[in-house]
Structure formats: C-alpha cells, structure tokens
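Enquirer: Just so it is clear, I am handing over input.tsv, which has TSV, C-alpha atoms.
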```tsv
chain	number	residue	atom	x	y	z
I	1	MET	CA	1.45	-14.77	-57.25
I	2	GLU	CA	2.13	-12.04	-54.69
I	3	MET	CA	5.23	-12.39	-52.49
I	4	SER	CA	3.09	-12.51	-49.34
I	5	SER	CA	1.35	-15.62	-50.70
I	6	VAL	CA	4.70	-17.15	-51.66
I	7	LEU	CA	6.08	-16.68	-48.16
I	8	HIS	CA	3.10	-18.41	-46.58
I	9	VAL	CA	3.13	-21.26	-49.10
I	10	LEU	CA	6.80	-21.90	-48.38
I	11	ARG	CA	6.12	-22.46	-44.70
I	12	ASP	CA	6.38	-25.99	-43.36
I	13	PRO	CA	2.90	-27.50	-43.86
I	14	ALA	CA	3.41	-29.64	-40.76
I	15	GLY	CA	3.56	-26.50	-38.65
I	16	ILE	CA	5.58	-26.13	-35.47
I	17	PRO	CA	5.31	-28.02	-32.16
I	18	ALA	CA	4.75	-25.01	-29.85
I	19	VAL	CA	3.64	-21.39	-29.95
I	20	PRO	CA	5.82	-19.28	-32.32
I	21	ALA	CA	6.60	-16.68	-29.64
I	22	LEU	CA	8.52	-19.35	-27.72
I	23	PHE	CA	10.86	-20.00	-30.65
I	24	GLN	CA	11.18	-16.28	-31.25
I	25	LEU	CA	12.26	-15.73	-27.64
I	26	LEU	CA	14.72	-18.63	-27.73
I	27	MET	CA	16.14	-17.40	-31.03
I	28	VAL	CA	16.87	-13.98	-29.55
I	29	LEU	CA	18.31	-15.27	-26.27
I	30	THR	CA	20.58	-17.90	-27.82
I	31	TRP	CA	21.89	-15.37	-30.38
I	32	VAL	CA	23.15	-13.24	-27.48
I	33	PHE	CA	25.57	-15.93	-26.31
I	34	HIS	CA	26.63	-16.71	-29.88
I	35	ILE	CA	27.42	-13.10	-30.76
I	36	ALA	CA	29.17	-12.59	-27.41
I	37	PHE	CA	31.83	-15.09	-28.42
I	38	VAL	CA	31.89	-13.80	-32.00
I	39	THR	CA	32.84	-10.33	-30.77
I	40	LEU	CA	35.26	-11.73	-28.19
I	41	ALA	CA	36.96	-13.94	-30.79
I	42	LEU	CA	37.42	-11.08	-33.26
I	43	GLY	CA	38.54	-8.63	-30.59
I	44	THR	CA	41.08	-10.89	-28.93
I	45	ALA	CA	42.35	-12.12	-32.31
I	46	ALA	CA	43.02	-8.57	-33.51
I	47	LEU	CA	44.65	-7.61	-30.20
I	48	SER	CA	46.89	-10.70	-30.18
I	49	ILE	CA	48.15	-9.86	-33.69
I	50	TYR	CA	48.78	-6.23	-32.73
I	51	ALA	CA	50.63	-7.28	-29.58
I	52	PHE	CA	52.64	-9.84	-31.53
I	53	TYR	CA	53.86	-7.41	-34.18
I	54	GLY	CA	53.55	-4.02	-32.49
I	55	HIS	CA	55.58	-4.66	-29.33
I	56	PRO	CA	57.91	-7.64	-29.93
I	57	GLY	CA	60.38	-6.55	-27.24
I	58	SER	CA	57.86	-5.96	-24.45
I	59	GLU	CA	57.34	-8.78	-21.97
I	60	ASP	CA	53.85	-7.57	-21.05
I	61	TRP	CA	52.73	-7.31	-24.66
I	62	GLN	CA	54.24	-10.69	-25.49
I	63	ARG	CA	52.43	-12.30	-22.58
I	64	LEU	CA	49.22	-10.56	-23.61
I	65	SER	CA	49.56	-11.78	-27.19
I	66	MET	CA	49.88	-15.39	-26.07
I	67	ALA	CA	46.95	-15.07	-23.66
I	68	MET	CA	44.64	-13.44	-26.21
I	69	THR	CA	45.59	-16.04	-28.81
I	70	LYS	CA	44.31	-18.74	-26.46
I	71	VAL	CA	41.12	-16.80	-25.72
I	72	ALA	CA	40.43	-16.33	-29.43
I	73	LYS	CA	40.99	-20.04	-30.09
I	74	VAL	CA	38.50	-21.10	-27.43
I	75	SER	CA	36.03	-18.36	-28.41
I	76	VAL	CA	35.90	-19.59	-32.01
I	77	SER	CA	35.02	-23.07	-30.78
I	78	LEU	CA	32.27	-21.70	-28.55
I	79	LEU	CA	30.82	-19.33	-31.14
I	80	ILE	CA	30.44	-22.27	-33.53
I	81	VAL	CA	28.73	-24.48	-30.94
I	82	LEU	CA	26.52	-21.68	-29.63
I	83	GLY	CA	25.63	-20.57	-33.15
I	84	VAL	CA	23.70	-23.77	-33.83
I	85	ALA	CA	20.75	-22.94	-31.56
I	86	PRO	CA	19.78	-19.50	-32.95
I	87	LEU	CA	20.20	-20.85	-36.48
I	88	LEU	CA	17.83	-23.73	-35.79
I	89	PHE	CA	15.23	-21.46	-34.18
I	90	THR	CA	15.48	-19.11	-37.18
I	91	GLN	CA	14.83	-22.05	-39.49
I	92	VAL	CA	11.73	-22.96	-37.49
I	93	ILE	CA	9.81	-19.68	-37.78
I	94	TYR	CA	11.61	-17.91	-40.64
I	95	ASP	CA	12.20	-20.93	-42.84
I	96	PRO	CA	10.99	-19.38	-46.16
I	97	GLN	CA	13.28	-16.38	-45.79
I	98	TRP	CA	16.34	-18.27	-44.57
I	99	TYR	CA	16.25	-21.01	-47.21
I	100	ALA	CA	15.52	-18.56	-50.04
I	101	SER	CA	18.48	-16.42	-49.03
I	102	ASN	CA	20.76	-19.45	-48.82
I	103	VAL	CA	19.74	-20.67	-52.27
I	104	LEU	CA	20.31	-17.23	-53.78
I	105	SER	CA	23.88	-17.23	-52.43
I	106	ALA	CA	24.38	-20.99	-52.28
I	107	ARG	CA	28.08	-21.02	-53.11
I	108	TRP	CA	28.84	-18.57	-50.34
I	109	ALA	CA	26.66	-20.47	-47.87
I	110	ILE	CA	28.56	-23.68	-48.62
I	111	GLY	CA	31.91	-21.90	-48.78
I	112	PHE	CA	31.26	-20.48	-45.32
I	113	ILE	CA	31.91	-23.88	-43.74
I	114	ALA	CA	35.09	-24.52	-45.73
I	115	SER	CA	36.53	-21.07	-45.06
I	116	LEU	CA	35.71	-21.33	-41.36
I	117	ILE	CA	37.59	-24.63	-41.15
I	118	VAL	CA	40.61	-23.12	-42.91
I	119	ALA	CA	40.50	-20.02	-40.70
I	120	TYR	CA	40.38	-22.07	-37.52
I	121	CYS	CA	43.26	-24.29	-38.66
I	122	LEU	CA	45.35	-21.20	-39.45
I	123	TRP	CA	44.56	-19.73	-36.06
I	124	PHE	CA	45.50	-22.97	-34.35
I	125	ALA	CA	48.83	-22.90	-36.20
I	126	PHE	CA	49.41	-19.39	-34.87
I	127	TYR	CA	48.41	-20.49	-31.36
I	128	TRP	CA	50.84	-23.43	-31.55
I	129	GLY	CA	53.74	-21.23	-32.64
I	130	ASN	CA	53.05	-18.13	-30.55
I	131	HIS	CA	55.53	-18.46	-27.69
I	132	GLU	CA	58.67	-16.76	-26.49
I	133	GLY	CA	61.10	-16.29	-29.35
I	134	ALA	CA	58.45	-17.10	-31.96
I	135	LYS	CA	59.32	-16.46	-35.60
I	136	ARG	CA	57.66	-13.38	-37.08
I	137	TYR	CA	56.27	-15.23	-40.09
I	138	ILE	CA	53.77	-17.19	-38.01
I	139	GLY	CA	51.78	-13.98	-37.63
I	140	LEU	CA	50.73	-14.40	-41.25
I	141	TYR	CA	48.67	-17.42	-40.20
I	142	ALA	CA	46.82	-15.22	-37.73
I	143	ILE	CA	46.27	-12.36	-40.19
I	144	VAL	CA	44.84	-14.61	-42.90
I	145	GLY	CA	42.75	-16.42	-40.30
I	146	LEU	CA	41.31	-13.15	-38.99
I	147	VAL	CA	40.51	-11.95	-42.52
I	148	LEU	CA	38.66	-15.21	-43.18
I	149	PHE	CA	36.75	-14.84	-39.88
I	150	LEU	CA	35.65	-11.36	-40.96
I	151	MET	CA	34.62	-12.71	-44.37
I	152	ASP	CA	32.57	-15.44	-42.69
I	153	GLY	CA	30.86	-12.78	-40.61
I	154	LEU	CA	30.07	-10.88	-43.79
I	155	ILE	CA	28.55	-14.00	-45.36
I	156	MET	CA	26.29	-14.53	-42.36
I	157	HIS	CA	25.32	-10.86	-42.44
I	158	VAL	CA	24.39	-11.06	-46.12
I	159	LEU	CA	22.36	-14.23	-45.69
I	160	SER	CA	20.45	-12.63	-42.82
I	161	TYR	CA	19.93	-9.33	-44.63
I	162	GLN	CA	18.82	-10.89	-47.92
I	163	ALA	CA	16.26	-12.91	-45.96
I	164	ILE	CA	14.33	-9.77	-44.99
I	165	LEU	CA	14.22	-8.35	-48.53
I	166	PRO	CA	11.79	-10.70	-50.30
I	167	GLN	CA	10.71	-7.91	-52.67
I	168	ARG	CA	14.12	-8.20	-54.35
I	169	TRP	CA	14.40	-11.99	-54.57
I	170	MET	CA	13.06	-12.25	-58.12
I	171	ASP	CA	15.45	-9.53	-59.33
I	172	TRP	CA	18.34	-11.57	-57.95
I	173	TYR	CA	17.02	-14.93	-59.11
I	174	ALA	CA	16.02	-13.82	-62.62
I	175	PRO	CA	17.72	-10.51	-63.46
I	176	GLY	CA	16.24	-9.10	-66.65
I	177	GLY	CA	13.90	-12.08	-66.83
I	178	VAL	CA	16.76	-14.55	-67.26
I	179	ILE	CA	17.04	-17.19	-64.54
I	180	ASP	CA	20.44	-17.22	-62.81
I	181	MET	CA	20.98	-20.33	-60.68
I	182	ASN	CA	24.68	-19.68	-60.19
I	183	GLY	CA	24.36	-18.83	-56.49
I	184	GLY	CA	27.72	-17.12	-56.59
I	185	ALA	CA	26.75	-13.58	-55.64
I	186	LEU	CA	26.32	-11.72	-52.39
I	187	HIS	CA	23.33	-9.66	-53.41
I	188	ALA	CA	22.79	-7.27	-50.51
I	189	ILE	CA	25.17	-5.81	-47.95
I	190	GLU	CA	24.15	-3.23	-45.38
I	191	TRP	CA	27.54	-1.91	-44.34
I	192	PRO	CA	26.37	0.12	-41.31
I	193	ARG	CA	24.75	-2.96	-39.81
I	194	TYR	CA	27.71	-5.25	-40.50
I	195	LEU	CA	30.33	-2.75	-39.30
I	196	PHE	CA	28.37	-1.93	-36.16
I	197	ILE	CA	28.16	-5.56	-35.05
I	198	ILE	CA	31.82	-6.14	-35.93
I	199	SER	CA	32.80	-2.97	-34.05
I	200	LEU	CA	31.35	-4.43	-30.86
I	201	SER	CA	34.44	-6.65	-30.79
I	202	ILE	CA	36.49	-3.59	-29.74
I	203	PRO	CA	34.65	-2.86	-26.46
I	204	ALA	CA	34.22	-6.62	-25.99
I	205	VAL	CA	37.97	-7.20	-25.71
I	206	GLY	CA	38.32	-4.07	-23.58
I	207	VAL	CA	35.76	-5.23	-21.05
I	208	PHE	CA	37.23	-8.73	-21.14
I	209	LEU	CA	40.70	-7.42	-20.24
I	210	ILE	CA	39.31	-5.71	-17.14
I	211	ALA	CA	37.52	-8.90	-16.08
I	212	TYR	CA	40.68	-10.86	-16.95
I	213	SER	CA	42.66	-8.66	-14.58
I	214	ASP	CA	40.12	-9.08	-11.78
I	215	TYR	CA	39.89	-12.83	-12.30
I	216	PHE	CA	43.62	-13.48	-11.92
I	217	SER	CA	44.15	-10.92	-9.16
I	218	VAL	CA	43.92	-13.70	-6.53
I	219	ARG	CA	46.71	-15.71	-8.13
I	220	GLU	CA	50.08	-15.23	-6.45
I	221	ASP	CA	51.94	-16.40	-9.55
I	222	LYS	CA	50.45	-13.62	-11.70
I	223	SER	CA	52.39	-10.36	-11.94
I	224	LYS	CA	50.45	-7.45	-10.42
I	225	ASP	CA	52.11	-5.04	-12.85
I	226	TYR	CA	51.03	-7.15	-15.81
I	227	LEU	CA	47.44	-7.38	-14.55
I	228	GLN	CA	47.34	-3.62	-14.01
I	229	PHE	CA	48.72	-3.14	-17.52
I	230	ALA	CA	45.94	-5.35	-18.90
I	231	ARG	CA	43.31	-3.46	-16.91
I	232	ASN	CA	44.47	-0.02	-18.06
I	233	LEU	CA	44.66	-1.19	-21.66
I	234	GLY	CA	41.18	-2.70	-21.39
I	235	ARG	CA	39.72	0.54	-20.09
I	236	LYS	CA	41.19	2.55	-22.97
I	237	ILE	CA	40.14	0.05	-25.62
I	238	GLY	CA	36.66	-0.26	-24.12
I	239	PHE	CA	36.14	3.51	-23.94
I	240	TRP	CA	37.05	4.14	-27.57
I	241	GLY	CA	35.31	0.96	-28.68
I	242	PHE	CA	31.97	2.02	-27.24
I	243	LEU	CA	32.30	5.44	-28.88
I	244	ILE	CA	33.09	3.89	-32.27
I	245	ALA	CA	30.17	1.46	-31.92
I	246	THR	CA	27.88	4.38	-31.03
I	247	GLY	CA	28.78	6.23	-34.21
I	248	LEU	CA	28.19	3.15	-36.35
I	249	LEU	CA	24.88	2.42	-34.63
I	250	ILE	CA	23.65	5.95	-35.39
I	251	TRP	CA	24.69	5.42	-39.03
I	252	TRP	CA	22.69	2.18	-39.08
I	253	GLN	CA	19.70	3.97	-37.57
I	254	PHE	CA	19.57	6.47	-40.42
I	255	ASP	CA	20.23	3.80	-43.06
I	256	HIS	CA	16.82	2.19	-42.63
I	257	PRO	CA	14.29	2.93	-45.40
I	258	ALA	CA	12.08	5.89	-44.54
I	259	ASP	CA	8.85	3.89	-44.87
I	260	THR	CA	9.90	1.57	-42.03
I	261	HIS	CA	9.95	4.48	-39.55
I	262	LEU	CA	12.72	2.67	-37.66
I	263	VAL	CA	14.97	5.71	-37.53
I	264	TRP	CA	12.98	7.23	-34.66
I	265	GLN	CA	12.03	3.98	-32.97
I	266	PRO	CA	12.77	4.64	-29.25
I	267	PHE	CA	14.44	1.30	-28.60
I	268	GLY	CA	17.12	1.98	-31.19
I	269	TRP	CA	18.09	5.23	-29.50
I	270	LEU	CA	17.96	3.54	-26.12
I	271	MET	CA	20.83	1.37	-27.40
I	272	VAL	CA	22.75	4.52	-28.30
I	273	MET	CA	22.31	5.79	-24.74
I	274	ALA	CA	23.43	2.45	-23.31
I	275	LEU	CA	26.63	2.51	-25.38
I	276	LEU	CA	27.39	6.07	-24.32
I	277	LEU	CA	26.76	5.13	-20.69
I	278	MET	CA	29.29	2.30	-20.90
I	279	ALA	CA	31.80	4.64	-22.54
I	280	ASN	CA	31.31	7.17	-19.75
I	281	ILE	CA	31.88	4.51	-17.10
I	282	LEU	CA	35.17	3.51	-18.71
I	283	ARG	CA	36.25	7.12	-19.21
I	284	ASP	CA	37.21	7.48	-15.54
I	285	GLU	CA	40.82	6.29	-15.18
I	286	LYS	CA	40.42	5.84	-11.43
I	287	SER	CA	37.26	3.77	-11.70
I	288	SER	CA	37.48	0.52	-9.73
I	289	LEU	CA	34.27	-0.94	-11.13
I	290	SER	CA	34.34	-4.73	-11.19
I	291	GLY	CA	35.13	-6.31	-14.54
I	292	TYR	CA	32.31	-8.81	-13.93
I	293	LYS	CA	29.77	-5.97	-13.69
I	294	LEU	CA	31.14	-4.53	-16.92
I	295	VAL	CA	30.74	-7.93	-18.59
I	296	ALA	CA	27.14	-8.02	-17.35
I	297	GLY	CA	26.61	-4.55	-18.83
I	298	GLY	CA	28.12	-5.71	-22.12
I	299	MET	CA	25.83	-8.73	-22.21
I	300	GLY	CA	22.92	-6.38	-21.56
I	301	ILE	CA	23.86	-4.35	-24.63
I	302	LEU	CA	24.15	-7.50	-26.74
I	303	THR	CA	20.68	-8.50	-25.54
I	304	MET	CA	19.38	-5.14	-26.71
I	305	VAL	CA	21.06	-5.65	-30.10
I	306	ALA	CA	19.47	-9.11	-30.38
I	307	ILE	CA	16.03	-7.65	-29.65
I	308	TRP	CA	16.63	-4.81	-32.11
I	309	ARG	CA	17.56	-7.28	-34.87
I	310	GLU	CA	14.21	-8.97	-34.36
I	311	VAL	CA	12.38	-5.63	-34.35
I	312	VAL	CA	14.04	-4.80	-37.68
I	313	ARG	CA	13.17	-8.22	-39.14
I	314	VAL	CA	9.52	-8.00	-38.06
I	315	THR	CA	9.24	-4.46	-39.43
I	316	TYR	CA	10.76	-5.37	-42.81
I	317	LEU	CA	8.50	-8.42	-43.24
I	318	LYS	CA	5.28	-6.81	-41.98
I	319	PRO	CA	4.30	-5.31	-45.39
I	320	PHE	CA	4.23	-8.85	-46.78
I	321	GLY	CA	1.80	-10.02	-44.13
I	322	TYR	CA	4.40	-12.35	-42.66
I	323	VAL	CA	3.78	-12.59	-38.92
I	324	VAL	CA	5.26	-15.46	-36.94
I	325	SER	CA	2.31	-15.53	-34.55
I	326	ASP	CA	0.02	-16.94	-37.27
I	327	TYR	CA	2.31	-19.89	-38.04
I	328	LYS	CA	0.40	-23.18	-37.93
I	329	VAL	CA	0.85	-24.89	-34.56
I	330	ASN	CA	0.58	-28.62	-33.91
I	331	VAL	CA	1.38	-28.96	-30.23
I	332	ASP	CA	3.68	-31.85	-29.42
I	333	TRP	CA	3.99	-31.99	-25.64
I	334	PRO	CA	6.40	-34.97	-25.40
I	335	SER	CA	9.01	-33.39	-27.69
I	336	THR	CA	8.53	-30.00	-26.03
I	337	PHE	CA	9.05	-31.56	-22.61
I	338	LEU	CA	12.10	-33.47	-23.83
I	339	PHE	CA	13.57	-30.30	-25.32
I	340	PHE	CA	13.19	-28.18	-22.20
I	341	SER	CA	14.31	-30.95	-19.87
I	342	THR	CA	17.43	-31.27	-22.03
I	343	PHE	CA	17.90	-27.50	-22.23
I	344	ILE	CA	17.49	-26.93	-18.50
I	345	GLY	CA	18.67	-30.24	-17.06
I	346	VAL	CA	21.56	-31.25	-19.27
I	347	GLY	CA	22.43	-27.76	-20.48
I	348	GLY	CA	21.94	-26.08	-17.12
I	349	LEU	CA	23.45	-28.68	-14.80
I	350	VAL	CA	26.23	-30.05	-17.03
I	351	GLY	CA	27.02	-26.63	-18.45
I	352	GLY	CA	26.90	-25.12	-14.98
I	353	PHE	CA	29.31	-27.76	-13.71
I	354	TYR	CA	31.83	-27.10	-16.47
I	355	LEU	CA	31.62	-23.33	-16.01
I	356	THR	CA	31.99	-23.60	-12.24
I	357	LEU	CA	34.88	-26.04	-12.57
I	358	LEU	CA	36.69	-23.84	-15.07
I	359	TYR	CA	36.14	-20.72	-12.98
I	360	GLN	CA	37.37	-22.28	-9.75
I	361	SER	CA	40.33	-24.14	-11.25
I	362	GLY	CA	41.62	-21.09	-13.09
I	363	ARG	CA	41.92	-19.12	-9.88
I	364	VAL	CA	44.25	-21.68	-8.34
I	365	ALA	CA	47.93	-22.01	-9.21
I	366	GLY	CA	48.90	-25.62	-9.87
I	367	ARG	CA	46.62	-28.61	-9.46
I	368	TYR	CA	42.97	-28.06	-8.58
I	369	GLU	CA	40.88	-30.63	-6.75
I	370	ALA	CA	37.11	-30.27	-6.83
I	371	LYS	CA	35.52	-30.42	-3.39
I	372	GLY	CA	32.25	-29.57	-1.72
I	373	PHE	CA	29.68	-27.94	-3.98
I	374	VAL	CA	31.74	-28.39	-7.16
I	375	ALA	CA	32.15	-32.12	-6.50
I	376	LYS	CA	28.42	-32.54	-5.84
I	377	LEU	CA	27.67	-30.57	-9.00
I	378	GLY	CA	29.89	-32.98	-10.95
I	379	THR	CA	28.06	-35.98	-9.54
I	380	GLY	CA	24.73	-34.42	-10.43
I	381	ALA	CA	25.96	-33.69	-13.97
I	382	VAL	CA	26.90	-37.33	-14.53
I	383	ALA	CA	23.56	-38.49	-13.10
I	384	ILE	CA	21.47	-36.17	-15.26
I	385	VAL	CA	23.31	-37.24	-18.43
I	386	ALA	CA	22.68	-40.90	-17.58
I	387	LEU	CA	19.00	-40.16	-16.89
I	388	TRP	CA	18.69	-38.17	-20.12
I	389	ILE	CA	20.16	-41.02	-22.18
I	390	ALA	CA	17.78	-43.51	-20.54
I	391	VAL	CA	14.73	-41.29	-21.19
I	392	PHE	CA	15.84	-40.57	-24.76
I	393	LEU	CA	16.27	-44.28	-25.57
I	394	ALA	CA	13.00	-45.20	-23.84
I	395	TYR	CA	11.13	-42.49	-25.72
I	396	GLY	CA	12.60	-43.52	-29.06
I	397	THR	CA	11.95	-47.22	-28.42
I	398	THR	CA	8.34	-46.53	-27.47
I	399	ILE	CA	7.73	-44.53	-30.65
I	400	TYR	CA	9.36	-47.24	-32.77
I	401	ILE	CA	7.30	-50.07	-31.24
I	402	ARG	CA	4.09	-48.07	-31.49
I	403	ASN	CA	4.66	-47.32	-35.17
I	404	ALA	CA	5.66	-50.92	-35.89
I	405	LEU	CA	2.39	-52.20	-34.44
I	406	ILE	CA	0.21	-49.88	-36.51
```
Once you've parsed the file, please lay out its structure as structure tokens.

Expert:
Amino acid sequence: MEMSSVLHVLRDPAGIPAVPALFQLLMVLTWVFHIAFVTLALGTAALSIYAFYGHPGSEDWQRLSMAMTKVAKVSVSLLIVLGVAPLLFTQVIYDPQWYASNVLSARWAIGFIASLIVAYCLWFAFYWGNHEGAKRYIGLYAIVGLVLFLMDGLIMHVLSYQAILPQRWMDWYAPGGVIDMNGGALHAIEWPRYLFIISLSIPAVGVFLIAYSDYFSVREDKSKDYLQFARNLGRKIGFWGFLIATGLLIWWQFDHPADTHLVWQPFGWLMVMALLLMANILRDEKSSLSGYKLVAGGMGILTMVAIWREVVRVTYLKPFGYVVSDYKVNVDWPSTFLFFSTFIGVGGLVGGFYLTLLYQSGRVAGRYEAKGFVAKLGTGAVAIVALWIAVFLAYGTTIYIRNALI
C-alpha cells in the first residue's frame, strides 16, 4: 500500500466537526502564544543563571537574577497550559502524522512528561533558594533544570519533524525488514530548525527586559538606575539575539530538500528581513522605542514563524496527497458554538480580567484594590463562568436524556 493511502486510512473515520481551515488557523495562532512563553522561559532561565554565577557581588545583577528566576518559573507554567491547544488542533487535522511519530519514539514521548516535571521541580528549588546570600550550589538545580528544558524542546522538535517525513517511517519501524517496536530512538533531528527556534529565546529576553524597565518605571520603589541597567542590557541582548537568529534562519532555509523549493520561498526571506529590522531598531543606543511596541514586533515575528512552520508542513506532505482541506467534515454546530463561546467568553473575559488585574496591580507599590473598569471586569468574569457551567451542564444533561430515551 502506498504511503498516501496509509495516511488517508489513518484519518479519523468520524471526520471533524468544522471546516479543516478553521482548525489549521487555530493551530497556528495558539502555537504563537505557546512558543512565546517557551522562548521567554528559556531566555530568562539562562540569564538568571548567568547573573547568579557571573556577577555575585553586583546588586543589580543579583536583583536581576532573582527577577528573571521568577519570570522563568511563571513562563514554564504558562507554556505548559498554552501548549495544550496547538497540540489538540494538530491532533485533529494531522492525526496520522502525529500519532505515528509518537509511536516511533514512544519512550521519548512518555519521558517528556516525566523530565518536564523534574525540570520544573528543580527550577522551583532554585527559585526558592535564590535570594540575598544564597549558597552557590543551588545554581546546580537551575543548570540541570535548564538542560532538561532544552532536552524537552528537542523531543518536541523531533516528534514534529518525524511527523512530516512519512517516507521514512517504515525504515525506522522495520530497519532492514526487522520490526523494531522499542520506541527508544529519536530518528530525525533538523538542527538548523531546532537551534533557530531555541535562539529566539535570546532576543525574547532582550525585548522583555526593555518592556520590564518601562513597566516598572512608574513605581517609586523601583531604582531608576537598576531599570536603566535592565533596559541597556536588554537592548544589547536583543540586538545580538536577532542577528544570531537571522543566521540560523538562513541556515534552515538552505537545509530544506531541493525538491521542496522552499529555499527561495518569499515568505521565508521576509522573516529574515523582519529579524534584521528588529536588530537594526535595537542597534541604536539612544532609541527610546517603547518596550511594549518591541514586544508587539516580537510577537509578529513569532506569528510569521508559526505560519512558516505550517507552510513547511504542507509542502513536505503535499507529495503524499495529504491535504487538510479534503478531510471528512461532519458539521456539529452545538459543539462548535460551545467551543467558541468558551474560547471567546470564558477565555476572553476571564483571561482578560486576570491580565488586566495583574498589569494594574504590578504597577502599584503595596496593596492594590480593584476599582472601576477592573472591578466590573471581575464581576463579568464571575458571571460568565457561572453561565458557562450552567450551559455546559444543561447541554450534557440534554444529550444524556435524549440518548437514554432512544
């Protein structure tokens, strides 16, 4: 049986509840937020370790190490939560590829969860002990944790890359005609791709430091010298980070197989130009550009990377006749409505309330009391959660009673 036939046979025979393009769009958009916190976690983790060991006698570096340790801790939590959505959307329209890749490297796929738990626990131990007068040995927790985070990123890269190489699955599953069900190998690594995405953590922490400086600039209890130190450091890190990422992206461009014709695909080189533009903006030492605008620019680049990943995936799978647009569709309007009402209502309103509350409270020294718009937003968040629970239970009860009466 040809691989193209295998891929179509492995699709869910029940089909999907809405047009495939919708899931494709959601997969790309949700991956942007996931990878944003991946890069921020790795960047701030590396910087906190460097500040901890490289400048033990500097008050500014010590303060920066403690701050970045906290940011990395929170970012890991968010990258895990935000990583669920793009994974689920991938499983909806690319289920044959994703499950095949996971089975081929099953031990690594399972070990990913265990190693991530260990890494987070180690990082939390470092966070707990990283304070004034901290013992030097606690940095070992952070180093091992960061290494495990990088390994977990490599595992996810391999699972994603193997998924778009179906022509090699049988060679991995039955090398030399002998079936190997060990699942203990990482069969394919594209180093330019992996290193490029990891390298984005360098400009990510640079841009974050500039926004960090702007954010706390209204706080009277924050040292102006320290904030200026963080801003200058962020500019330097961001400048060199964007240049490094540019070089790795060009390497990735030329690493694609010649028959894919991706090397001269205009969108790929548009990303190169965007990275160089960001580097040029940060090159000016006297630039007073808002850190928030730089964050928006960084998110724009990550959006381009997310789109490019999908372009690469579609191009690699096209020779096998695998096109998501021809996936069987069985429209289910109630579940689609429930999904989007949850996504927009609960996610938008409740998430918006938390983000607004965190933003406003962090800019105030001491106790913060929500008033006005923030207070109304909180009331609305509670109301929408109550409404969502009522609708969810009513919907489930209706389905149960209807099926029981059949």

Enquirer: Under the rule that all atoms listed in the file are counted, which of I:His8, I:Arg63, I:His55, I:Lys376 is the nearest residue to Tyr226 of chain I?

Expert: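 Ranked by minimum distance to Tyr226 of chain I, first place goes to I:Arg63.
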
Enquirer: Go through I:Met181, I:Val295, I:Ile189, I:Ala163 one by one, measure the shortest atom-to-atom distance of each to Val207 of chain I using all atoms listed in the file, and give the residue with the smallest value.

Expert: I:Val295

Enquirer: Name the residues in contact with Ser115 of chain I at a cut-off of 9 Å, using only C-alpha atoms, excluding same-chain residues fewer than 3 positions from it; report them as a PyMOL selection string.

Expert: chain I and resi 111-112+118-120+148-149+151-152

Enquirer: Just the selected residues (C-alpha atoms), exported as a JSON list (two decimals), keeping the file's coordinate frame, please.

Expert:
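New file result25.json:
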```
[["chain", "number", "residue", "atom", "x", "y", "z"],
["I", 111, "GLY", "CA", 31.91, -21.90, -48.78],
["I", 112, "PHE", "CA", 31.26, -20.48, -45.32],
["I", 118, "VAL", "CA", 40.61, -23.12, -42.91],
["I", 119, "ALA", "CA", 40.50, -20.02, -40.70],
["I", 120, "TYR", "CA", 40.38, -22.07, -37.52],
["I", 148, "LEU", "CA", 38.66, -15.21, -43.18],
["I", 149, "PHE", "CA", 36.75, -14.84, -39.88],
["I", 151, "MET", "CA", 34.62, -12.71, -44.37],
["I", 152, "ASP", "CA", 32.57, -15.44, -42.69]]
```

Enquirer: What lies within 9 Å of Leu64 of chain I using only C-alpha atoms, ignoring chain neighbours under 6 positions off, as a list in words?

Expert: Leu47, Ser48, Ala51, Phe52, Tyr226 and Ala230 of chain I

Enquirer: For the residues in the current selection, export C-alpha atoms as a PDB file, keeping the file's coordinate frame.

Expert:
```
ATOM      1  CA  LEU I  47      44.650  -7.610 -30.200  1.00  0.00           C
ATOM      2  CA  SER I  48      46.890 -10.700 -30.180  1.00  0.00           C
ATOM      3  CA  ALA I  51      50.630  -7.280 -29.580  1.00  0.00           C
ATOM      4  CA  PHE I  52      52.640  -9.840 -31.530  1.00  0.00           C
ATOM      5  CA  TYR I 226      51.030  -7.150 -15.810  1.00  0.00           C
ATOM      6  CA  ALA I 230      45.940  -5.350 -18.900  1.00  0.00           C
TER       7      ALA I 230
END
```

Enquirer: Find the residue from I:Ser199, I:Gln228, I:Ser335, I:Thr315 that sits nearest to Leu150 of chain I; use only C-alpha atoms when measuring.

Expert: I:Ser199

Enquirer: May I ask for the distance between atom CA of Ile210 of chain I and atom CA of Arg231 of chain I, given in Å to one decimal place?

Expert: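 The value is 4.6 Å.
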
Enquirer: Just the number, please: distance in Å from atom CA of Val74 of chain I to atom CA of Tyr215 of chain I, one decimal.

Expert: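 Interatomic distance here is 17.3 Å.
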
Enquirer: Just checking: using all atoms listed in the file, which residue out of I:Leu262, I:Val324, I:Val71, I:Ala174 ends up closest to Phe89 of chain I?

Expert: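 Distance minimum relative to Phe89 of chain I lands on I:Val324.
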
Enquirer: Calculated over only C-alpha atoms, which of the candidates I:Ala114, I:Val9, I:Met299, I:Val158 has the smallest distance to Thr30 of chain I?

Expert: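 Selected residue with least distance to Thr30 of chain I: I:Met299.
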
Enquirer: From the list I:Ala106, I:Val312, I:Cys121, I:Val305, which residue is nearest Val144 of chain I when using all atoms listed in the file?

Expert: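 The closest residue to Val144 of chain I is I:Cys121.
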
Enquirer: Within 10 Å of Trp269 of chain I, counting only C-alpha atoms, which residues show up once you throw out same-chain ones fewer than 6 positions away? Write them as a PyMOL selection string, please.

Expert: chain I and resi 246+249-250+253+263+275

Enquirer: Give me the residues within 9 Å of Asn330 of chain I as a ChimeraX atom specification, counting all atoms listed in the file and dropping any in the same chain fewer than 3 places off.

Expert: /I:14-19

Enquirer: Name all residues at most 12 Å from Ala386 of chain I (count only C-alpha atoms; drop same-chain ones fewer than 4 positions away) and give them as a VMD selection string.

Expert: chain I and resid 342 345 to 346 350 379 to 382 390 to 393

Enquirer: In Å to one decimal, how far is atom CA of Ala296 of chain I from atom CA of Ala375 of chain I?

Expert: 26.9 Å
